[in-house]
Amino acid sequence: MSNQKQFTVAVVGATGAVGEQIIRLLAERDFPIKELRLLSSARSAGKVIPFKGQDVIVQEATPDSFRGVEIALFSAGGDISRQLVPHAVEHGAVCIDNTSAFRMDPETPLVVPEVNVDKISEHKGVIANPNCSTIQMVAALKPLYDRYGISRIIVSTYQAVSGAGAKAIDEMLRQSRDVLEGNDVNPQILPVGSLPVKHQIAFNAIPQIDKFGDNGFTYEEMKMINETKKIMGDDSIEVTATCVRIPVVYGHSESVYVELKSDFDVEEVKALIADAPGIVLQDNPQEQVYPLATDAAGKLETFVGRVRRDLNNPRALNMWIVSDNLLKGAAWNAVQIAEYIAIEQQ
Ligand code: L14
């Protein structure tokens, strides 16, 4: 351990909901760090964040911030990544990007370690971290893909407000209080789309995450559709998605219908899911045991339950997949990739 290589690591978006979790995980996992550079917008620069007993002062992220940086984790939004990732790469950093900026770039590996860890070594400076809803779904479906093949997926999501950042959490809690106290609600943040129109999230379900494309699907839905094919390495998988925001703080839940390419035994399916890395099977309807966002919050794993054969298509399954969107859905998947890079560069 003592002669292990130590890295200069930058976290861009250090004061955001995901950045905060990345910093916590780097400390908790004892990531081999020589210097931790915490970067943000000018607005948050100057804040002090404790890391392993030391105070680190947050600095404004500029093209020059990446001098000497070996690993850079970005989660400050797509625009910042598009602007700064090329500079970080130029300075020799391997960038792990949590935004949608590079995910579908054919040169950029899109990685969920449990699914396609082998792609990490193909990077040309950037590795993309997939969308939160995509990550937990492909991690859970990978063992079924390998054993039976997958022809089609129909997914509906029930997504937590924390995906849209701390101000969306605040808005949901404030609106809840306003409703309970009989005050008017004044929606300001959700949905995050291209229009100034906002809807109540407290005691509601909003069928819009990210803006709409011309085809009637939202960008969030198109991310699930396109990223699933890229991560699985199989363009033949048919995917359709409906992404819904619900008033939950942490943890995305997903109702997934999946058509397999060959016959299966439900007990074998459950065994495969239970044995898969990073996946926990929680499936005992008799005892009312199934995954819940409140249980998954704060955990690194993805939880799967309600596994059952479809009543009309004997080659299809229905299931419920839950994970903490800020952890496996974002910070943990990114730190996992960083750990592989650190091992590769030892
Ligand atoms: O990484 O929940 O593409 O609003 C975009 C929207 C992550 C979360 C991404 C949300 C996201 C998100």
# chains A, B, ... in the order shown; residues from 1 in each chain; ligands from 1
>>> residues_around(residues="Pro247 in chain A", least_positions_apart="5", cutoff="7 Å", atoms="only C-alpha atoms", output="ChimeraX atom specification")
/A:160-161,172,201-204
>>> write_last_selection(atoms="N, CA, C and O atoms", output="PDB file, in the first residue's frame")
ATOM      1  N   ALA A 160     -36.098  10.210  -8.546  1.00  0.00           N
ATOM      2  CA  ALA A 160     -35.954  11.104  -7.405  1.00  0.00           C
ATOM      3  C   ALA A 160     -35.590  12.526  -7.844  1.00  0.00           C
ATOM      4  O   ALA A 160     -34.932  12.732  -8.867  1.00  0.00           O
ATOM      5  N   VAL A 161     -35.977  13.486  -7.035  1.00  0.00           N
ATOM      6  CA  VAL A 161     -35.697  14.887  -7.348  1.00  0.00           C
ATOM      7  C   VAL A 161     -34.214  15.236  -7.233  1.00  0.00           C
ATOM      8  O   VAL A 161     -33.748  16.179  -7.868  1.00  0.00           O
ATOM      9  N   MET A 172     -38.891  20.519  -3.617  1.00  0.00           N
ATOM     10  CA  MET A 172     -39.882  19.480  -3.298  1.00  0.00           C
ATOM     11  C   MET A 172     -40.280  19.561  -1.826  1.00  0.00           C
ATOM     12  O   MET A 172     -41.463  19.464  -1.484  1.00  0.00           O
ATOM     13  N   ILE A 201     -44.209  19.535  -7.977  1.00  0.00           N
ATOM     14  CA  ILE A 201     -43.685  18.170  -7.801  1.00  0.00           C
ATOM     15  C   ILE A 201     -44.208  17.532  -6.514  1.00  0.00           C
ATOM     16  O   ILE A 201     -44.403  16.303  -6.457  1.00  0.00           O
ATOM     17  N   ALA A 202     -44.465  18.337  -5.476  1.00  0.00           N
ATOM     18  CA  ALA A 202     -44.977  17.762  -4.228  1.00  0.00           C
ATOM     19  C   ALA A 202     -46.325  17.087  -4.483  1.00  0.00           C
ATOM     20  O   ALA A 202     -47.181  17.654  -5.169  1.00  0.00           O
ATOM     21  N   PHE A 203     -46.505  15.868  -3.966  1.00  0.00           N
ATOM     22  CA  PHE A 203     -47.772  15.131  -4.102  1.00  0.00           C
ATOM     23  C   PHE A 203     -48.181  14.986  -5.567  1.00  0.00           C
ATOM     24  O   PHE A 203     -49.355  15.075  -5.904  1.00  0.00           O
ATOM     25  N   ASN A 204     -47.190  14.801  -6.440  1.00  0.00           N
ATOM     26  CA  ASN A 204     -47.486  14.761  -7.866  1.00  0.00           C
ATOM     27  C   ASN A 204     -46.547  13.779  -8.568  1.00  0.00           C
ATOM     28  O   ASN A 204     -45.657  13.199  -7.941  1.00  0.00           O
TER      29      ASN A 204
END
>>> residues_around(residues="Asp210 in chain A", least_positions_apart="6", cutoff="6 Å", atoms="only C-alpha atoms", output="number ranges by chain")
A: 192-193, 219-220
>>> write_last_selection(atoms="all heavy atoms", output="PDB file, in the first residue's frame")
ATOM      1  N   VAL A 192     -37.015  20.406 -15.420  1.00  0.00           N
ATOM      2  CA  VAL A 192     -35.899  21.101 -16.056  1.00  0.00           C
ATOM      3  C   VAL A 192     -36.035  20.846 -17.556  1.00  0.00           C
ATOM      4  O   VAL A 192     -35.725  19.785 -18.037  1.00  0.00           O
ATOM      5  CB  VAL A 192     -34.545  20.561 -15.540  1.00  0.00           C
ATOM      6  CG1 VAL A 192     -33.387  21.276 -16.214  1.00  0.00           C
ATOM      7  CG2 VAL A 192     -34.464  20.708 -14.025  1.00  0.00           C
ATOM      8  N   GLY A 193     -36.618  21.796 -18.268  1.00  0.00           N
ATOM      9  CA  GLY A 193     -36.827  21.612 -19.697  1.00  0.00           C
ATOM     10  C   GLY A 193     -36.346  22.824 -20.461  1.00  0.00           C
ATOM     11  O   GLY A 193     -35.495  23.560 -19.964  1.00  0.00           O
ATOM     12  N   TYR A 219     -35.361  13.904 -23.627  1.00  0.00           N
ATOM     13  CA  TYR A 219     -33.930  13.575 -23.733  1.00  0.00           C
ATOM     14  C   TYR A 219     -33.565  12.468 -22.735  1.00  0.00           C
ATOM     15  O   TYR A 219     -32.739  11.612 -23.035  1.00  0.00           O
ATOM     16  CB  TYR A 219     -33.063  14.817 -23.501  1.00  0.00           C
ATOM     17  CG  TYR A 219     -32.903  15.671 -24.737  1.00  0.00           C
ATOM     18  CD1 TYR A 219     -33.966  15.921 -25.596  1.00  0.00           C
ATOM     19  CD2 TYR A 219     -31.663  16.233 -25.054  1.00  0.00           C
ATOM     20  CE1 TYR A 219     -33.821  16.709 -26.727  1.00  0.00           C
ATOM     21  CE2 TYR A 219     -31.505  17.028 -26.189  1.00  0.00           C
ATOM     22  CZ  TYR A 219     -32.581  17.256 -27.019  1.00  0.00           C
ATOM     23  OH  TYR A 219     -32.420  18.028 -28.139  1.00  0.00           O
ATOM     24  N   GLU A 220     -34.147  12.526 -21.527  1.00  0.00           N
ATOM     25  CA  GLU A 220     -33.862  11.485 -20.536  1.00  0.00           C
ATOM     26  C   GLU A 220     -34.269  10.112 -21.089  1.00  0.00           C
ATOM     27  O   GLU A 220     -33.546   9.133 -20.946  1.00  0.00           O
ATOM     28  CB  GLU A 220     -34.614  11.778 -19.227  1.00  0.00           C
ATOM     29  CG  GLU A 220     -34.309  10.827 -18.088  1.00  0.00           C
ATOM     30  CD  GLU A 220     -32.995  11.106 -17.362  1.00  0.00           C
ATOM     31  OE1 GLU A 220     -32.190  11.942 -17.863  1.00  0.00           O
ATOM     32  OE2 GLU A 220     -32.764  10.502 -16.311  1.00  0.00           O
TER      33      GLU A 220
END
>>> atom_distance(atom1="CA of Gly182 in chain A", atom2="CA of Leu292 in chain A")
29.3 Å
>>> closest_residue(among="A:Glu114, A:Glu20, A:Glu344, A:Glu221", to="ligand 1", atoms="only C-alpha atoms and all ligand atoms")
A:Glu221
>>> select_by_dssp(residues="range 250-326 of chain A", states="strand (DSSP E)", output="PDB file with all heavy atoms, in the first residue's frame")
ATOM      1  N   HIS A 252     -33.791   6.154  -7.587  1.00  0.00           N
ATOM      2  CA  HIS A 252     -34.677   5.977  -8.735  1.00  0.00           C
ATOM      3  C   HIS A 252     -35.248   4.556  -8.692  1.00  0.00           C
ATOM      4  O   HIS A 252     -34.519   3.592  -8.443  1.00  0.00           O
ATOM      5  CB  HIS A 252     -33.913   6.120 -10.051  1.00  0.00           C
ATOM      6  CG  HIS A 252     -33.471   7.519 -10.369  1.00  0.00           C
ATOM      7  ND1 HIS A 252     -33.804   8.627  -9.626  1.00  0.00           N
ATOM      8  CD2 HIS A 252     -32.700   7.973 -11.403  1.00  0.00           C
ATOM      9  CE1 HIS A 252     -33.269   9.704 -10.186  1.00  0.00           C
ATOM     10  NE2 HIS A 252     -32.593   9.334 -11.253  1.00  0.00           N
ATOM     11  N   SER A 253     -36.549   4.431  -8.991  1.00  0.00           N
ATOM     12  CA  SER A 253     -37.182   3.125  -9.118  1.00  0.00           C
ATOM     13  C   SER A 253     -37.591   2.942 -10.574  1.00  0.00           C
ATOM     14  O   SER A 253     -37.918   3.912 -11.251  1.00  0.00           O
ATOM     15  CB  SER A 253     -38.427   3.042  -8.227  1.00  0.00           C
ATOM     16  OG  SER A 253     -38.086   3.310  -6.875  1.00  0.00           O
ATOM     17  N   GLU A 254     -37.574   1.675 -11.029  1.00  0.00           N
ATOM     18  CA  GLU A 254     -37.920   1.406 -12.426  1.00  0.00           C
ATOM     19  C   GLU A 254     -38.779   0.155 -12.540  1.00  0.00           C
ATOM     20  O   GLU A 254     -38.441  -0.884 -11.966  1.00  0.00           O
ATOM     21  CB  GLU A 254     -36.639   1.182 -13.260  1.00  0.00           C
ATOM     22  CG  GLU A 254     -35.727   2.391 -13.259  1.00  0.00           C
ATOM     23  CD  GLU A 254     -34.411   2.193 -13.995  1.00  0.00           C
ATOM     24  OE1 GLU A 254     -34.004   1.030 -14.224  1.00  0.00           O
ATOM     25  OE2 GLU A 254     -33.791   3.208 -14.338  1.00  0.00           O
ATOM     26  N   SER A 255     -39.872   0.279 -13.269  1.00  0.00           N
ATOM     27  CA  SER A 255     -40.662  -0.885 -13.652  1.00  0.00           C
ATOM     28  C   SER A 255     -40.152  -1.323 -15.018  1.00  0.00           C
ATOM     29  O   SER A 255     -40.211  -0.550 -15.980  1.00  0.00           O
ATOM     30  CB  SER A 255     -42.134  -0.490 -13.729  1.00  0.00           C
ATOM     31  OG  SER A 255     -42.853  -1.507 -14.398  1.00  0.00           O
ATOM     32  N   VAL A 256     -39.611  -2.529 -15.090  1.00  0.00           N
ATOM     33  CA  VAL A 256     -38.967  -2.980 -16.327  1.00  0.00           C
ATOM     34  C   VAL A 256     -39.645  -4.252 -16.840  1.00  0.00           C
ATOM     35  O   VAL A 256     -39.780  -5.227 -16.098  1.00  0.00           O
ATOM     36  CB  VAL A 256     -37.458  -3.247 -16.100  1.00  0.00           C
ATOM     37  CG1 VAL A 256     -36.803  -3.810 -17.355  1.00  0.00           C
ATOM     38  CG2 VAL A 256     -36.751  -1.962 -15.664  1.00  0.00           C
ATOM     39  N   TYR A 257     -40.056  -4.212 -18.105  1.00  0.00           N
ATOM     40  CA  TYR A 257     -40.559  -5.382 -18.829  1.00  0.00           C
ATOM     41  C   TYR A 257     -39.464  -5.748 -19.822  1.00  0.00           C
ATOM     42  O   TYR A 257     -39.025  -4.891 -20.596  1.00  0.00           O
ATOM     43  CB  TYR A 257     -41.858  -5.028 -19.553  1.00  0.00           C
ATOM     44  CG  TYR A 257     -42.305  -6.008 -20.608  1.00  0.00           C
ATOM     45  CD1 TYR A 257     -43.155  -7.069 -20.300  1.00  0.00           C
ATOM     46  CD2 TYR A 257     -41.887  -5.869 -21.941  1.00  0.00           C
ATOM     47  CE1 TYR A 257     -43.572  -7.964 -21.282  1.00  0.00           C
ATOM     48  CE2 TYR A 257     -42.300  -6.759 -22.923  1.00  0.00           C
ATOM     49  CZ  TYR A 257     -43.142  -7.807 -22.592  1.00  0.00           C
ATOM     50  OH  TYR A 257     -43.548  -8.693 -23.560  1.00  0.00           O
ATOM     51  N   VAL A 258     -38.999  -6.987 -19.770  1.00  0.00           N
ATOM     52  CA  VAL A 258     -37.892  -7.367 -20.657  1.00  0.00           C
ATOM     53  C   VAL A 258     -38.205  -8.682 -21.357  1.00  0.00           C
ATOM     54  O   VAL A 258     -38.589  -9.668 -20.720  1.00  0.00           O
ATOM     55  CB  VAL A 258     -36.541  -7.414 -19.884  1.00  0.00           C
ATOM     56  CG1 VAL A 258     -36.607  -8.300 -18.660  1.00  0.00           C
ATOM     57  CG2 VAL A 258     -35.391  -7.837 -20.783  1.00  0.00           C
ATOM     58  N   GLU A 259     -38.072  -8.661 -22.686  1.00  0.00           N
ATOM     59  CA  GLU A 259     -38.266  -9.879 -23.487  1.00  0.00           C
ATOM     60  C   GLU A 259     -36.920 -10.528 -23.752  1.00  0.00           C
ATOM     61  O   GLU A 259     -36.009  -9.873 -24.279  1.00  0.00           O
ATOM     62  CB  GLU A 259     -38.945  -9.535 -24.830  1.00  0.00           C
ATOM     63  CG  GLU A 259     -40.408  -9.133 -24.662  1.00  0.00           C
ATOM     64  CD  GLU A 259     -41.087  -8.763 -25.979  1.00  0.00           C
ATOM     65  OE1 GLU A 259     -40.446  -8.877 -27.057  1.00  0.00           O
ATOM     66  OE2 GLU A 259     -42.257  -8.351 -25.924  1.00  0.00           O
ATOM     67  N   LEU A 260     -36.814 -11.795 -23.372  1.00  0.00           N
ATOM     68  CA  LEU A 260     -35.567 -12.526 -23.560  1.00  0.00           C
ATOM     69  C   LEU A 260     -35.625 -13.313 -24.871  1.00  0.00           C
ATOM     70  O   LEU A 260     -36.705 -13.539 -25.427  1.00  0.00           O
ATOM     71  CB  LEU A 260     -35.321 -13.443 -22.360  1.00  0.00           C
ATOM     72  CG  LEU A 260     -35.305 -12.707 -21.011  1.00  0.00           C
ATOM     73  CD1 LEU A 260     -35.031 -13.669 -19.861  1.00  0.00           C
ATOM     74  CD2 LEU A 260     -34.281 -11.575 -21.006  1.00  0.00           C
ATOM     75  N   ILE A 279     -25.304  -6.308  -7.460  1.00  0.00           N
ATOM     76  CA  ILE A 279     -26.758  -6.427  -7.463  1.00  0.00           C
ATOM     77  C   ILE A 279     -27.205  -7.197  -6.223  1.00  0.00           C
ATOM     78  O   ILE A 279     -26.586  -8.186  -5.844  1.00  0.00           O
ATOM     79  CB  ILE A 279     -27.260  -7.195  -8.716  1.00  0.00           C
ATOM     80  CG1 ILE A 279     -26.661  -6.622  -9.997  1.00  0.00           C
ATOM     81  CG2 ILE A 279     -28.787  -7.215  -8.765  1.00  0.00           C
ATOM     82  CD1 ILE A 279     -27.102  -5.222 -10.334  1.00  0.00           C
ATOM     83  N   VAL A 280     -28.290  -6.737  -5.617  1.00  0.00           N
ATOM     84  CA  VAL A 280     -28.884  -7.450  -4.481  1.00  0.00           C
ATOM     85  C   VAL A 280     -30.320  -7.815  -4.854  1.00  0.00           C
ATOM     86  O   VAL A 280     -31.099  -6.955  -5.280  1.00  0.00           O
ATOM     87  CB  VAL A 280     -28.886  -6.565  -3.206  1.00  0.00           C
ATOM     88  CG1 VAL A 280     -29.592  -7.283  -2.056  1.00  0.00           C
ATOM     89  CG2 VAL A 280     -27.459  -6.185  -2.808  1.00  0.00           C
ATOM     90  N   LEU A 281     -30.644  -9.108  -4.754  1.00  0.00           N
ATOM     91  CA  LEU A 281     -32.015  -9.553  -5.003  1.00  0.00           C
ATOM     92  C   LEU A 281     -32.821  -9.381  -3.716  1.00  0.00           C
ATOM     93  O   LEU A 281     -32.428  -9.887  -2.660  1.00  0.00           O
ATOM     94  CB  LEU A 281     -32.009 -11.026  -5.442  1.00  0.00           C
ATOM     95  CG  LEU A 281     -33.392 -11.606  -5.774  1.00  0.00           C
ATOM     96  CD1 LEU A 281     -33.908 -11.060  -7.106  1.00  0.00           C
ATOM     97  CD2 LEU A 281     -33.341 -13.138  -5.806  1.00  0.00           C
ATOM     98  N   THR A 302     -27.377  -2.025  -6.521  1.00  0.00           N
ATOM     99  CA  THR A 302     -28.661  -1.911  -7.217  1.00  0.00           C
ATOM    100  C   THR A 302     -29.537  -3.060  -6.719  1.00  0.00           C
ATOM    101  O   THR A 302     -29.068  -4.195  -6.612  1.00  0.00           O
ATOM    102  CB  THR A 302     -28.438  -2.009  -8.739  1.00  0.00           C
ATOM    103  OG1 THR A 302     -27.651  -0.890  -9.137  1.00  0.00           O
ATOM    104  CG2 THR A 302     -29.749  -2.010  -9.508  1.00  0.00           C
ATOM    105  N   PHE A 303     -30.775  -2.757  -6.404  1.00  0.00           N
ATOM    106  CA  PHE A 303     -31.679  -3.732  -5.780  1.00  0.00           C
ATOM    107  C   PHE A 303     -32.764  -4.144  -6.770  1.00  0.00           C
ATOM    108  O   PHE A 303     -33.348  -3.294  -7.455  1.00  0.00           O
ATOM    109  CB  PHE A 303     -32.288  -3.130  -4.513  1.00  0.00           C
ATOM    110  CG  PHE A 303     -31.224  -2.731  -3.518  1.00  0.00           C
ATOM    111  CD1 PHE A 303     -30.621  -1.475  -3.580  1.00  0.00           C
ATOM    112  CD2 PHE A 303     -30.778  -3.630  -2.559  1.00  0.00           C
ATOM    113  CE1 PHE A 303     -29.608  -1.118  -2.689  1.00  0.00           C
ATOM    114  CE2 PHE A 303     -29.766  -3.289  -1.667  1.00  0.00           C
ATOM    115  CZ  PHE A 303     -29.181  -2.025  -1.727  1.00  0.00           C
ATOM    116  N   VAL A 304     -33.026  -5.460  -6.824  1.00  0.00           N
ATOM    117  CA  VAL A 304     -33.987  -5.993  -7.799  1.00  0.00           C
ATOM    118  C   VAL A 304     -35.006  -6.888  -7.106  1.00  0.00           C
ATOM    119  O   VAL A 304     -34.643  -7.718  -6.265  1.00  0.00           O
ATOM    120  CB  VAL A 304     -33.258  -6.816  -8.898  1.00  0.00           C
ATOM    121  CG1 VAL A 304     -34.258  -7.342  -9.935  1.00  0.00           C
ATOM    122  CG2 VAL A 304     -32.182  -5.976  -9.579  1.00  0.00           C
ATOM    123  N   GLY A 305     -36.263  -6.709  -7.448  1.00  0.00           N
ATOM    124  CA  GLY A 305     -37.314  -7.558  -6.902  1.00  0.00           C
ATOM    125  C   GLY A 305     -38.526  -7.582  -7.814  1.00  0.00           C
ATOM    126  O   GLY A 305     -38.463  -7.126  -8.955  1.00  0.00           O
ATOM    127  N   ARG A 306     -39.646  -8.138  -7.297  1.00  0.00           N
ATOM    128  CA  ARG A 306     -40.867  -8.288  -8.075  1.00  0.00           C
ATOM    129  C   ARG A 306     -40.606  -9.037  -9.388  1.00  0.00           C
ATOM    130  O   ARG A 306     -41.267  -8.773 -10.400  1.00  0.00           O
ATOM    131  CB  ARG A 306     -41.524  -6.918  -8.378  1.00  0.00           C
ATOM    132  CG  ARG A 306     -41.944  -6.082  -7.175  1.00  0.00           C
ATOM    133  CD  ARG A 306     -43.067  -6.713  -6.357  1.00  0.00           C
ATOM    134  NE  ARG A 306     -44.106  -7.326  -7.162  1.00  0.00           N
ATOM    135  CZ  ARG A 306     -45.147  -6.675  -7.702  1.00  0.00           C
ATOM    136  NH1 ARG A 306     -45.297  -5.387  -7.480  1.00  0.00           N
ATOM    137  NH2 ARG A 306     -46.027  -7.319  -8.414  1.00  0.00           N
ATOM    138  N   VAL A 307     -39.654  -9.957  -9.370  1.00  0.00           N
ATOM    139  CA  VAL A 307     -39.305 -10.680 -10.601  1.00  0.00           C
ATOM    140  C   VAL A 307     -40.398 -11.699 -10.885  1.00  0.00           C
ATOM    141  O   VAL A 307     -40.683 -12.569 -10.060  1.00  0.00           O
ATOM    142  CB  VAL A 307     -37.935 -11.388 -10.456  1.00  0.00           C
ATOM    143  CG1 VAL A 307     -37.600 -12.168 -11.726  1.00  0.00           C
ATOM    144  CG2 VAL A 307     -36.837 -10.370 -10.137  1.00  0.00           C
ATOM    145  N   ARG A 308     -41.028 -11.602 -12.057  1.00  0.00           N
ATOM    146  CA  ARG A 308     -42.121 -12.521 -12.386  1.00  0.00           C
ATOM    147  C   ARG A 308     -42.261 -12.668 -13.895  1.00  0.00           C
ATOM    148  O   ARG A 308     -41.980 -11.721 -14.634  1.00  0.00           O
ATOM    149  CB  ARG A 308     -43.433 -12.007 -11.771  1.00  0.00           C
ATOM    150  CG  ARG A 308     -43.855 -10.635 -12.244  1.00  0.00           C
ATOM    151  CD  ARG A 308     -44.715  -9.922 -11.203  1.00  0.00           C
ATOM    152  NE  ARG A 308     -45.363  -8.717 -11.768  1.00  0.00           N
ATOM    153  CZ  ARG A 308     -44.768  -7.516 -11.808  1.00  0.00           C
ATOM    154  NH1 ARG A 308     -43.544  -7.318 -11.372  1.00  0.00           N
ATOM    155  NH2 ARG A 308     -45.425  -6.494 -12.325  1.00  0.00           N
ATOM    156  N   ARG A 309     -42.722 -13.856 -14.298  1.00  0.00           N
ATOM    157  CA  ARG A 309     -42.928 -14.114 -15.727  1.00  0.00           C
ATOM    158  C   ARG A 309     -44.145 -13.339 -16.204  1.00  0.00           C
ATOM    159  O   ARG A 309     -45.161 -13.260 -15.507  1.00  0.00           O
ATOM    160  CB  ARG A 309     -43.122 -15.615 -15.974  1.00  0.00           C
ATOM    161  CG  ARG A 309     -43.120 -15.992 -17.454  1.00  0.00           C
ATOM    162  CD  ARG A 309     -43.464 -17.454 -17.681  1.00  0.00           C
ATOM    163  NE  ARG A 309     -42.575 -18.392 -17.006  1.00  0.00           N
ATOM    164  CZ  ARG A 309     -41.392 -18.787 -17.465  1.00  0.00           C
ATOM    165  NH1 ARG A 309     -40.944 -18.318 -18.614  1.00  0.00           N
ATOM    166  NH2 ARG A 309     -40.655 -19.653 -16.784  1.00  0.00           N
ATOM    167  N   ALA A 316     -40.961 -13.339 -21.465  1.00  0.00           N
ATOM    168  CA  ALA A 316     -40.750 -11.992 -20.917  1.00  0.00           C
ATOM    169  C   ALA A 316     -40.889 -11.988 -19.403  1.00  0.00           C
ATOM    170  O   ALA A 316     -41.607 -12.803 -18.819  1.00  0.00           O
ATOM    171  CB  ALA A 316     -41.740 -11.015 -21.539  1.00  0.00           C
ATOM    172  N   LEU A 317     -40.169 -11.044 -18.808  1.00  0.00           N
ATOM    173  CA  LEU A 317     -40.175 -10.875 -17.348  1.00  0.00           C
ATOM    174  C   LEU A 317     -40.594  -9.453 -17.003  1.00  0.00           C
ATOM    175  O   LEU A 317     -40.364  -8.517 -17.778  1.00  0.00           O
ATOM    176  CB  LEU A 317     -38.755 -11.033 -16.804  1.00  0.00           C
ATOM    177  CG  LEU A 317     -38.141 -12.410 -16.706  1.00  0.00           C
ATOM    178  CD1 LEU A 317     -36.625 -12.266 -16.642  1.00  0.00           C
ATOM    179  CD2 LEU A 317     -38.663 -13.137 -15.476  1.00  0.00           C
ATOM    180  N   ASN A 318     -41.175  -9.297 -15.812  1.00  0.00           N
ATOM    181  CA  ASN A 318     -41.408  -7.975 -15.243  1.00  0.00           C
ATOM    182  C   ASN A 318     -40.600  -7.894 -13.960  1.00  0.00           C
ATOM    183  O   ASN A 318     -40.497  -8.887 -13.227  1.00  0.00           O
ATOM    184  CB  ASN A 318     -42.891  -7.782 -14.927  1.00  0.00           C
ATOM    185  CG  ASN A 318     -43.734  -7.818 -16.189  1.00  0.00           C
ATOM    186  OD1 ASN A 318     -43.810  -6.858 -16.942  1.00  0.00           O
ATOM    187  ND2 ASN A 318     -44.354  -8.959 -16.452  1.00  0.00           N
ATOM    188  N   MET A 319     -40.034  -6.736 -13.690  1.00  0.00           N
ATOM    189  CA  MET A 319     -39.272  -6.589 -12.442  1.00  0.00           C
ATOM    190  C   MET A 319     -39.198  -5.130 -12.016  1.00  0.00           C
ATOM    191  O   MET A 319     -39.616  -4.219 -12.761  1.00  0.00           O
ATOM    192  CB  MET A 319     -37.876  -7.184 -12.592  1.00  0.00           C
ATOM    193  CG  MET A 319     -37.018  -6.490 -13.619  1.00  0.00           C
ATOM    194  SD  MET A 319     -35.426  -7.317 -13.784  1.00  0.00           S
ATOM    195  CE  MET A 319     -35.867  -8.651 -14.868  1.00  0.00           C
ATOM    196  N   TRP A 320     -38.691  -4.916 -10.803  1.00  0.00           N
ATOM    197  CA  TRP A 320     -38.608  -3.602 -10.174  1.00  0.00           C
ATOM    198  C   TRP A 320     -37.153  -3.391  -9.781  1.00  0.00           C
ATOM    199  O   TRP A 320     -36.589  -4.208  -9.038  1.00  0.00           O
ATOM    200  CB  TRP A 320     -39.529  -3.600  -8.958  1.00  0.00           C
ATOM    201  CG  TRP A 320     -39.691  -2.349  -8.180  1.00  0.00           C
ATOM    202  CD1 TRP A 320     -39.277  -2.148  -6.887  1.00  0.00           C
ATOM    203  CD2 TRP A 320     -40.355  -1.146  -8.578  1.00  0.00           C
ATOM    204  NE1 TRP A 320     -39.651  -0.886  -6.468  1.00  0.00           N
ATOM    205  CE2 TRP A 320     -40.307  -0.254  -7.486  1.00  0.00           C
ATOM    206  CE3 TRP A 320     -40.974  -0.741  -9.766  1.00  0.00           C
ATOM    207  CZ2 TRP A 320     -40.858   1.028  -7.534  1.00  0.00           C
ATOM    208  CZ3 TRP A 320     -41.527   0.523  -9.819  1.00  0.00           C
ATOM    209  CH2 TRP A 320     -41.466   1.393  -8.718  1.00  0.00           C
ATOM    210  N   ILE A 321     -36.548  -2.331 -10.293  1.00  0.00           N
ATOM    211  CA  ILE A 321     -35.108  -2.098 -10.087  1.00  0.00           C
ATOM    212  C   ILE A 321     -34.911  -0.741  -9.411  1.00  0.00           C
ATOM    213  O   ILE A 321     -35.416   0.278  -9.910  1.00  0.00           O
ATOM    214  CB  ILE A 321     -34.353  -2.133 -11.443  1.00  0.00           C
ATOM    215  CG1 ILE A 321     -34.598  -3.465 -12.164  1.00  0.00           C
ATOM    216  CG2 ILE A 321     -32.864  -1.880 -11.237  1.00  0.00           C
ATOM    217  CD1 ILE A 321     -34.032  -3.513 -13.591  1.00  0.00           C
ATOM    218  N   VAL A 322     -34.187  -0.727  -8.297  1.00  0.00           N
ATOM    219  CA  VAL A 322     -34.018   0.501  -7.510  1.00  0.00           C
ATOM    220  C   VAL A 322     -32.550   0.708  -7.152  1.00  0.00           C
ATOM    221  O   VAL A 322     -31.855  -0.246  -6.788  1.00  0.00           O
ATOM    222  CB  VAL A 322     -34.850   0.431  -6.203  1.00  0.00           C
ATOM    223  CG1 VAL A 322     -34.677   1.700  -5.367  1.00  0.00           C
ATOM    224  CG2 VAL A 322     -36.333   0.193  -6.516  1.00  0.00           C
ATOM    225  N   SER A 323     -32.083   1.951  -7.274  1.00  0.00           N
ATOM    226  CA  SER A 323     -30.727   2.263  -6.813  1.00  0.00           C
ATOM    227  C   SER A 323     -30.640   3.737  -6.453  1.00  0.00           C
ATOM    228  O   SER A 323     -31.468   4.545  -6.892  1.00  0.00           O
ATOM    229  CB  SER A 323     -29.708   1.908  -7.902  1.00  0.00           C
ATOM    230  OG  SER A 323     -28.395   1.915  -7.366  1.00  0.00           O
TER     231      SER A 323
END
